[in-house]
Amino acid sequence: MKRTASPPQERVQLNFDLVTVKELLRDLLFREAGQAYFKRLAVPRQRRWLSAWRTLSIYQAEKQLLPVGGRDTSGLIQQFFTTHACLRAEFHEGGMPITAVRVLRLHCPALNAALERIHCLECAATAQDVYHIVLLGGPTPPPAPALTPPQKP
């Protein structure tokens, strides 16, 4: 059985301040998490003998990062990234359109025009109020060919 070669992954690295990361997380948790292309949120495992990443439910992420009516969400975000080294958002095969999230729509096209769909987004704190965002993805997949009924002779 032959494996098809996957298209090369495009990679973009961004550094955002806390306010921008808060906007990015808000879009991911409250808008994109319900979309069909959204796969899961994950955090690194302490013990990697099962797998490197542990799934984090949307409910848990909202509760820890941006609780409804929550105060001091900046402190909660900082605390989350003190506890967890990284937050990963994974998307199904077609990926999430780069234009779905306002923050990414503003920053990414200038850095890498070939990155149209995101397959994986990772966010980690690097310094006080500086967050490192890594995006992996590629171009928009070609549309599936339309099925035409067989013609009768």
# chains A, B, ... in the order shown; residues from 1 in each chain; ligands from 1
$ closest_atom_pairs --of "range 68-124 of chain A" --to "range 4-28 of chain A" --cutoff "7 Å" --atoms "only C-alpha atoms" --output "Markdown table"
| residue | atom | partner | partner_atom | distance |
| --- | --- | --- | --- | --- |
| A:Val101 | CA | A:Asp27 | CA | 6.2 |
| A:Val103 | CA | A:Leu24 | CA | 6.2 |
| A:Asn112 | CA | A:Val12 | CA | 6.9 |
| A:Leu115 | CA | A:Glu10 | CA | 6.0 |
$ closest_atom_pairs --of "range 108-129 of chain A" --to "range 83-90 of chain A" --cutoff "10 Å" --atoms "only C-alpha atoms" --output "Markdown table"
| residue | atom | partner | partner_atom | distance |
| --- | --- | --- | --- | --- |
| A:Ile118 | CA | A:Glu90 | CA | 8.5 |
| A:His119 | CA | A:Glu90 | CA | 6.0 |
| A:Cys120 | CA | A:Glu90 | CA | 4.6 |
| A:Leu121 | CA | A:Ala89 | CA | 5.1 |
| A:Glu122 | CA | A:Arg88 | CA | 4.4 |
| A:Cys123 | CA | A:Leu87 | CA | 5.2 |
| A:Ala124 | CA | A:Cys86 | CA | 4.5 |
| A:Ala125 | CA | A:Ala85 | CA | 7.4 |
| A:Thr126 | CA | A:Ala85 | CA | 9.5 |
$ write_last_selection --atoms "N, CA and C atoms" --output "PDB file, in the first residue's frame"
ATOM      1  N   ILE A 118      -4.842  26.498   8.946  1.00  0.00           N
ATOM      2  CA  ILE A 118      -4.033  26.105  10.102  1.00  0.00           C
ATOM      3  C   ILE A 118      -4.409  24.690  10.515  1.00  0.00           C
ATOM      4  N   HIS A 119      -3.408  23.839  10.668  1.00  0.00           N
ATOM      5  CA  HIS A 119      -3.638  22.465  11.142  1.00  0.00           C
ATOM      6  C   HIS A 119      -3.348  22.345  12.627  1.00  0.00           C
ATOM      7  N   CYS A 120      -2.446  23.181  13.125  1.00  0.00           N
ATOM      8  CA  CYS A 120      -2.062  23.136  14.529  1.00  0.00           C
ATOM      9  C   CYS A 120      -1.611  24.527  14.967  1.00  0.00           C
ATOM     10  N   LEU A 121      -2.039  24.946  16.160  1.00  0.00           N
ATOM     11  CA  LEU A 121      -1.648  26.221  16.738  1.00  0.00           C
ATOM     12  C   LEU A 121      -1.131  25.928  18.139  1.00  0.00           C
ATOM     13  N   GLU A 122       0.057  26.398  18.467  1.00  0.00           N
ATOM     14  CA  GLU A 122       0.618  26.218  19.808  1.00  0.00           C
ATOM     15  C   GLU A 122       0.921  27.579  20.405  1.00  0.00           C
ATOM     16  N   CYS A 123       0.578  27.722  21.674  1.00  0.00           N
ATOM     17  CA  CYS A 123       0.791  28.971  22.397  1.00  0.00           C
ATOM     18  C   CYS A 123       1.562  28.656  23.669  1.00  0.00           C
ATOM     19  N   ALA A 124       2.635  29.400  23.924  1.00  0.00           N
ATOM     20  CA  ALA A 124       3.437  29.207  25.132  1.00  0.00           C
ATOM     21  C   ALA A 124       3.924  30.560  25.633  1.00  0.00           C
ATOM     22  N   ALA A 125       4.057  30.686  26.945  1.00  0.00           N
ATOM     23  CA  ALA A 125       4.593  31.913  27.531  1.00  0.00           C
ATOM     24  C   ALA A 125       6.109  31.850  27.449  1.00  0.00           C
ATOM     25  N   THR A 126       6.735  32.931  26.973  1.00  0.00           N
ATOM     26  CA  THR A 126       8.188  32.944  26.869  1.00  0.00           C
ATOM     27  C   THR A 126       8.814  33.882  27.900  1.00  0.00           C
TER      28      THR A 126
END
$ select_by_dssp --residues "range 12-152 of chain A" --states "strand (DSSP E)" --output "NGL selection string"
:A and (12-17 or 38-44 or 53-56 or 87-91 or 96-97 or 117-127 or 130-138)
$ select_by_dssp --residues "range 31-148 of chain A" --states "alpha helix (DSSP H)" --output "NGL selection string"
:A and (58-65 or 73-83 or 102-111)
$ atom_distance --atom1 "CA of His92 in chain A" --atom2 "CA of His107 in chain A"
22.7 Å
$ atom_distance --atom1 "CA of Val130 in chain A" --atom2 "CA of Tyr37 in chain A"
28.2 Å
$ residues_around --residues "range 49-63 of chain A" --least-positions-apart "5" --cutoff "8 Å" --atoms "only C-alpha atoms" --output "number ranges by chain"
A: 29, 33, 40-44, 68
$ atom_distance --atom1 "CA of Ala36 in chain A" --atom2 "CA of Arg117 in chain A"
13.9 Å
$ decode --residues "range 2-147 of chain A" --atoms "C-alpha atoms" --output "compact mmCIF listing (two decimals), in the first residue's frame"
# COMPACT_ATOMS: atom_id res chain seq x y z
CA LYS A 2 1.46 3.34 -1.05
CA ARG A 3 1.26 6.37 1.14
CA THR A 4 0.56 9.68 -0.48
CA ALA A 5 3.02 12.41 0.32
CA SER A 6 1.52 15.08 2.51
CA PRO A 7 1.95 18.65 1.33
CA PRO A 8 4.81 20.53 2.99
CA GLN A 9 3.84 22.28 6.20
CA GLU A 10 4.15 26.05 6.34
CA ARG A 11 5.29 27.45 9.68
CA VAL A 12 4.80 30.91 11.16
CA GLN A 13 6.09 32.09 14.53
CA LEU A 14 4.58 35.12 16.21
CA ASN A 15 5.17 36.90 19.51
CA PHE A 16 2.11 38.51 21.07
CA ASP A 17 1.47 40.50 24.21
CA LEU A 18 -1.04 39.36 26.83
CA VAL A 19 -3.91 41.45 25.46
CA THR A 20 -3.51 39.96 21.96
CA VAL A 21 -3.25 36.42 23.34
CA LYS A 22 -6.43 36.99 25.34
CA GLU A 23 -8.23 38.00 22.12
CA LEU A 24 -6.82 34.95 20.30
CA LEU A 25 -7.93 32.58 23.10
CA ARG A 26 -11.37 34.19 23.22
CA ASP A 27 -11.84 33.57 19.48
CA LEU A 28 -10.56 29.98 19.74
CA LEU A 29 -12.67 29.03 22.75
CA PHE A 30 -15.91 30.84 22.03
CA ARG A 31 -16.11 30.83 18.21
CA GLU A 32 -13.85 28.22 16.64
CA ALA A 33 -14.26 25.37 19.14
CA GLY A 34 -17.78 24.70 17.86
CA GLN A 35 -16.77 24.49 14.20
CA ALA A 36 -16.60 21.21 12.27
CA TYR A 37 -12.88 21.63 11.55
CA PHE A 38 -11.98 21.93 15.26
CA LYS A 39 -10.42 18.74 16.62
CA ARG A 40 -9.22 19.33 20.20
CA LEU A 41 -7.26 21.38 22.70
CA ALA A 42 -4.30 19.71 24.36
CA VAL A 43 -1.62 20.35 26.98
CA PRO A 44 1.70 18.52 27.44
CA ARG A 45 1.60 15.46 29.71
CA GLN A 46 3.79 15.26 32.80
CA ARG A 47 4.55 11.62 32.07
CA ARG A 48 4.85 10.87 28.37
CA TRP A 49 4.58 7.08 28.44
CA LEU A 50 0.97 7.25 27.19
CA SER A 51 1.33 10.09 24.70
CA ALA A 52 2.95 13.50 24.60
CA TRP A 53 -0.33 15.46 24.78
CA ARG A 54 -3.38 15.27 27.04
CA THR A 55 -6.75 16.46 25.74
CA LEU A 56 -8.18 19.47 27.55
CA SER A 57 -11.93 19.90 27.21
CA ILE A 58 -13.32 23.21 26.02
CA TYR A 59 -15.16 23.53 29.35
CA GLN A 60 -11.92 23.08 31.34
CA ALA A 61 -10.07 25.56 29.12
CA GLU A 62 -12.80 28.19 29.46
CA LYS A 63 -12.95 27.67 33.22
CA GLN A 64 -9.16 28.01 33.60
CA LEU A 65 -8.51 30.78 31.07
CA LEU A 66 -11.59 32.90 30.46
CA PRO A 67 -14.40 32.05 32.89
CA VAL A 68 -17.75 33.71 32.24
CA GLY A 69 -17.97 36.84 34.37
CA GLY A 70 -14.40 36.20 35.48
CA ARG A 71 -12.26 38.90 36.93
CA ASP A 72 -8.50 39.14 36.46
CA THR A 73 -8.45 37.03 33.30
CA SER A 74 -4.91 38.26 32.66
CA GLY A 75 -3.83 36.63 35.93
CA LEU A 76 -5.69 33.43 35.05
CA ILE A 77 -3.93 33.23 31.67
CA GLN A 78 -0.54 33.77 33.30
CA GLN A 79 -1.34 31.12 35.91
CA PHE A 80 -2.44 28.65 33.21
CA PHE A 81 0.88 29.01 31.38
CA THR A 82 2.78 28.65 34.65
CA THR A 83 1.03 25.31 35.21
CA HIS A 84 1.12 24.14 31.58
CA ALA A 85 4.11 24.78 29.34
CA CYS A 86 1.96 25.07 26.22
CA LEU A 87 -1.60 25.01 24.85
CA ARG A 88 -2.17 23.31 21.52
CA ALA A 89 -5.24 23.63 19.30
CA GLU A 90 -5.53 20.91 16.65
CA PHE A 91 -7.76 20.96 13.60
CA HIS A 92 -9.09 18.24 11.30
CA GLU A 93 -7.66 17.44 7.85
CA GLY A 94 -8.76 20.60 5.99
CA GLY A 95 -7.61 22.91 8.78
CA MET A 96 -9.01 26.17 10.11
CA PRO A 97 -9.07 29.12 7.71
CA ILE A 98 -6.48 31.72 8.74
CA THR A 99 -9.18 34.36 8.28
CA ALA A 100 -11.40 32.82 10.98
CA VAL A 101 -9.51 34.51 13.82
CA ARG A 102 -9.13 38.29 13.67
CA VAL A 103 -5.68 38.39 15.32
CA LEU A 104 -4.27 35.89 12.82
CA ARG A 105 -5.97 37.59 9.88
CA LEU A 106 -4.15 40.81 10.81
CA HIS A 107 -0.66 39.35 11.35
CA CYS A 108 -0.13 36.23 9.20
CA PRO A 109 -0.60 37.17 5.51
CA ALA A 110 2.34 39.56 5.65
CA LEU A 111 4.60 36.86 7.14
CA ASN A 112 3.61 33.88 5.00
CA ALA A 113 1.04 34.20 2.23
CA ALA A 114 1.11 30.41 1.63
CA LEU A 115 -0.38 29.76 5.08
CA GLU A 116 -4.12 29.78 4.36
CA ARG A 117 -5.30 26.91 6.60
CA ILE A 118 -4.03 26.11 10.10
CA HIS A 119 -3.64 22.47 11.14
CA CYS A 120 -2.06 23.14 14.53
CA LEU A 121 -1.65 26.22 16.74
CA GLU A 122 0.62 26.22 19.81
CA CYS A 123 0.79 28.97 22.40
CA ALA A 124 3.44 29.21 25.13
CA ALA A 125 4.59 31.91 27.53
CA THR A 126 8.19 32.94 26.87
CA ALA A 127 8.61 35.91 29.21
CA GLN A 128 6.52 38.18 31.37
CA ASP A 129 3.53 39.12 29.19
CA VAL A 130 5.14 37.78 25.97
CA TYR A 131 3.58 34.73 24.33
CA HIS A 132 5.08 32.68 21.52
CA ILE A 133 2.56 31.43 18.93
CA VAL A 134 3.52 28.76 16.39
CA LEU A 135 1.20 28.03 13.47
CA LEU A 136 1.53 24.96 11.24
CA GLY A 137 -0.56 24.65 8.12
CA GLY A 138 -0.61 25.09 4.41
CA PRO A 139 -2.59 26.24 1.41
CA THR A 140 -6.30 25.74 0.99
CA PRO A 141 -6.91 22.20 -0.27
CA PRO A 142 -8.29 21.92 -3.81
CA PRO A 143 -12.04 21.37 -4.00
CA ALA A 144 -13.18 17.78 -4.35
CA PRO A 145 -14.12 16.91 -7.93
CA ALA A 146 -17.83 16.96 -8.55
CA LEU A 147 -19.38 13.58 -9.20
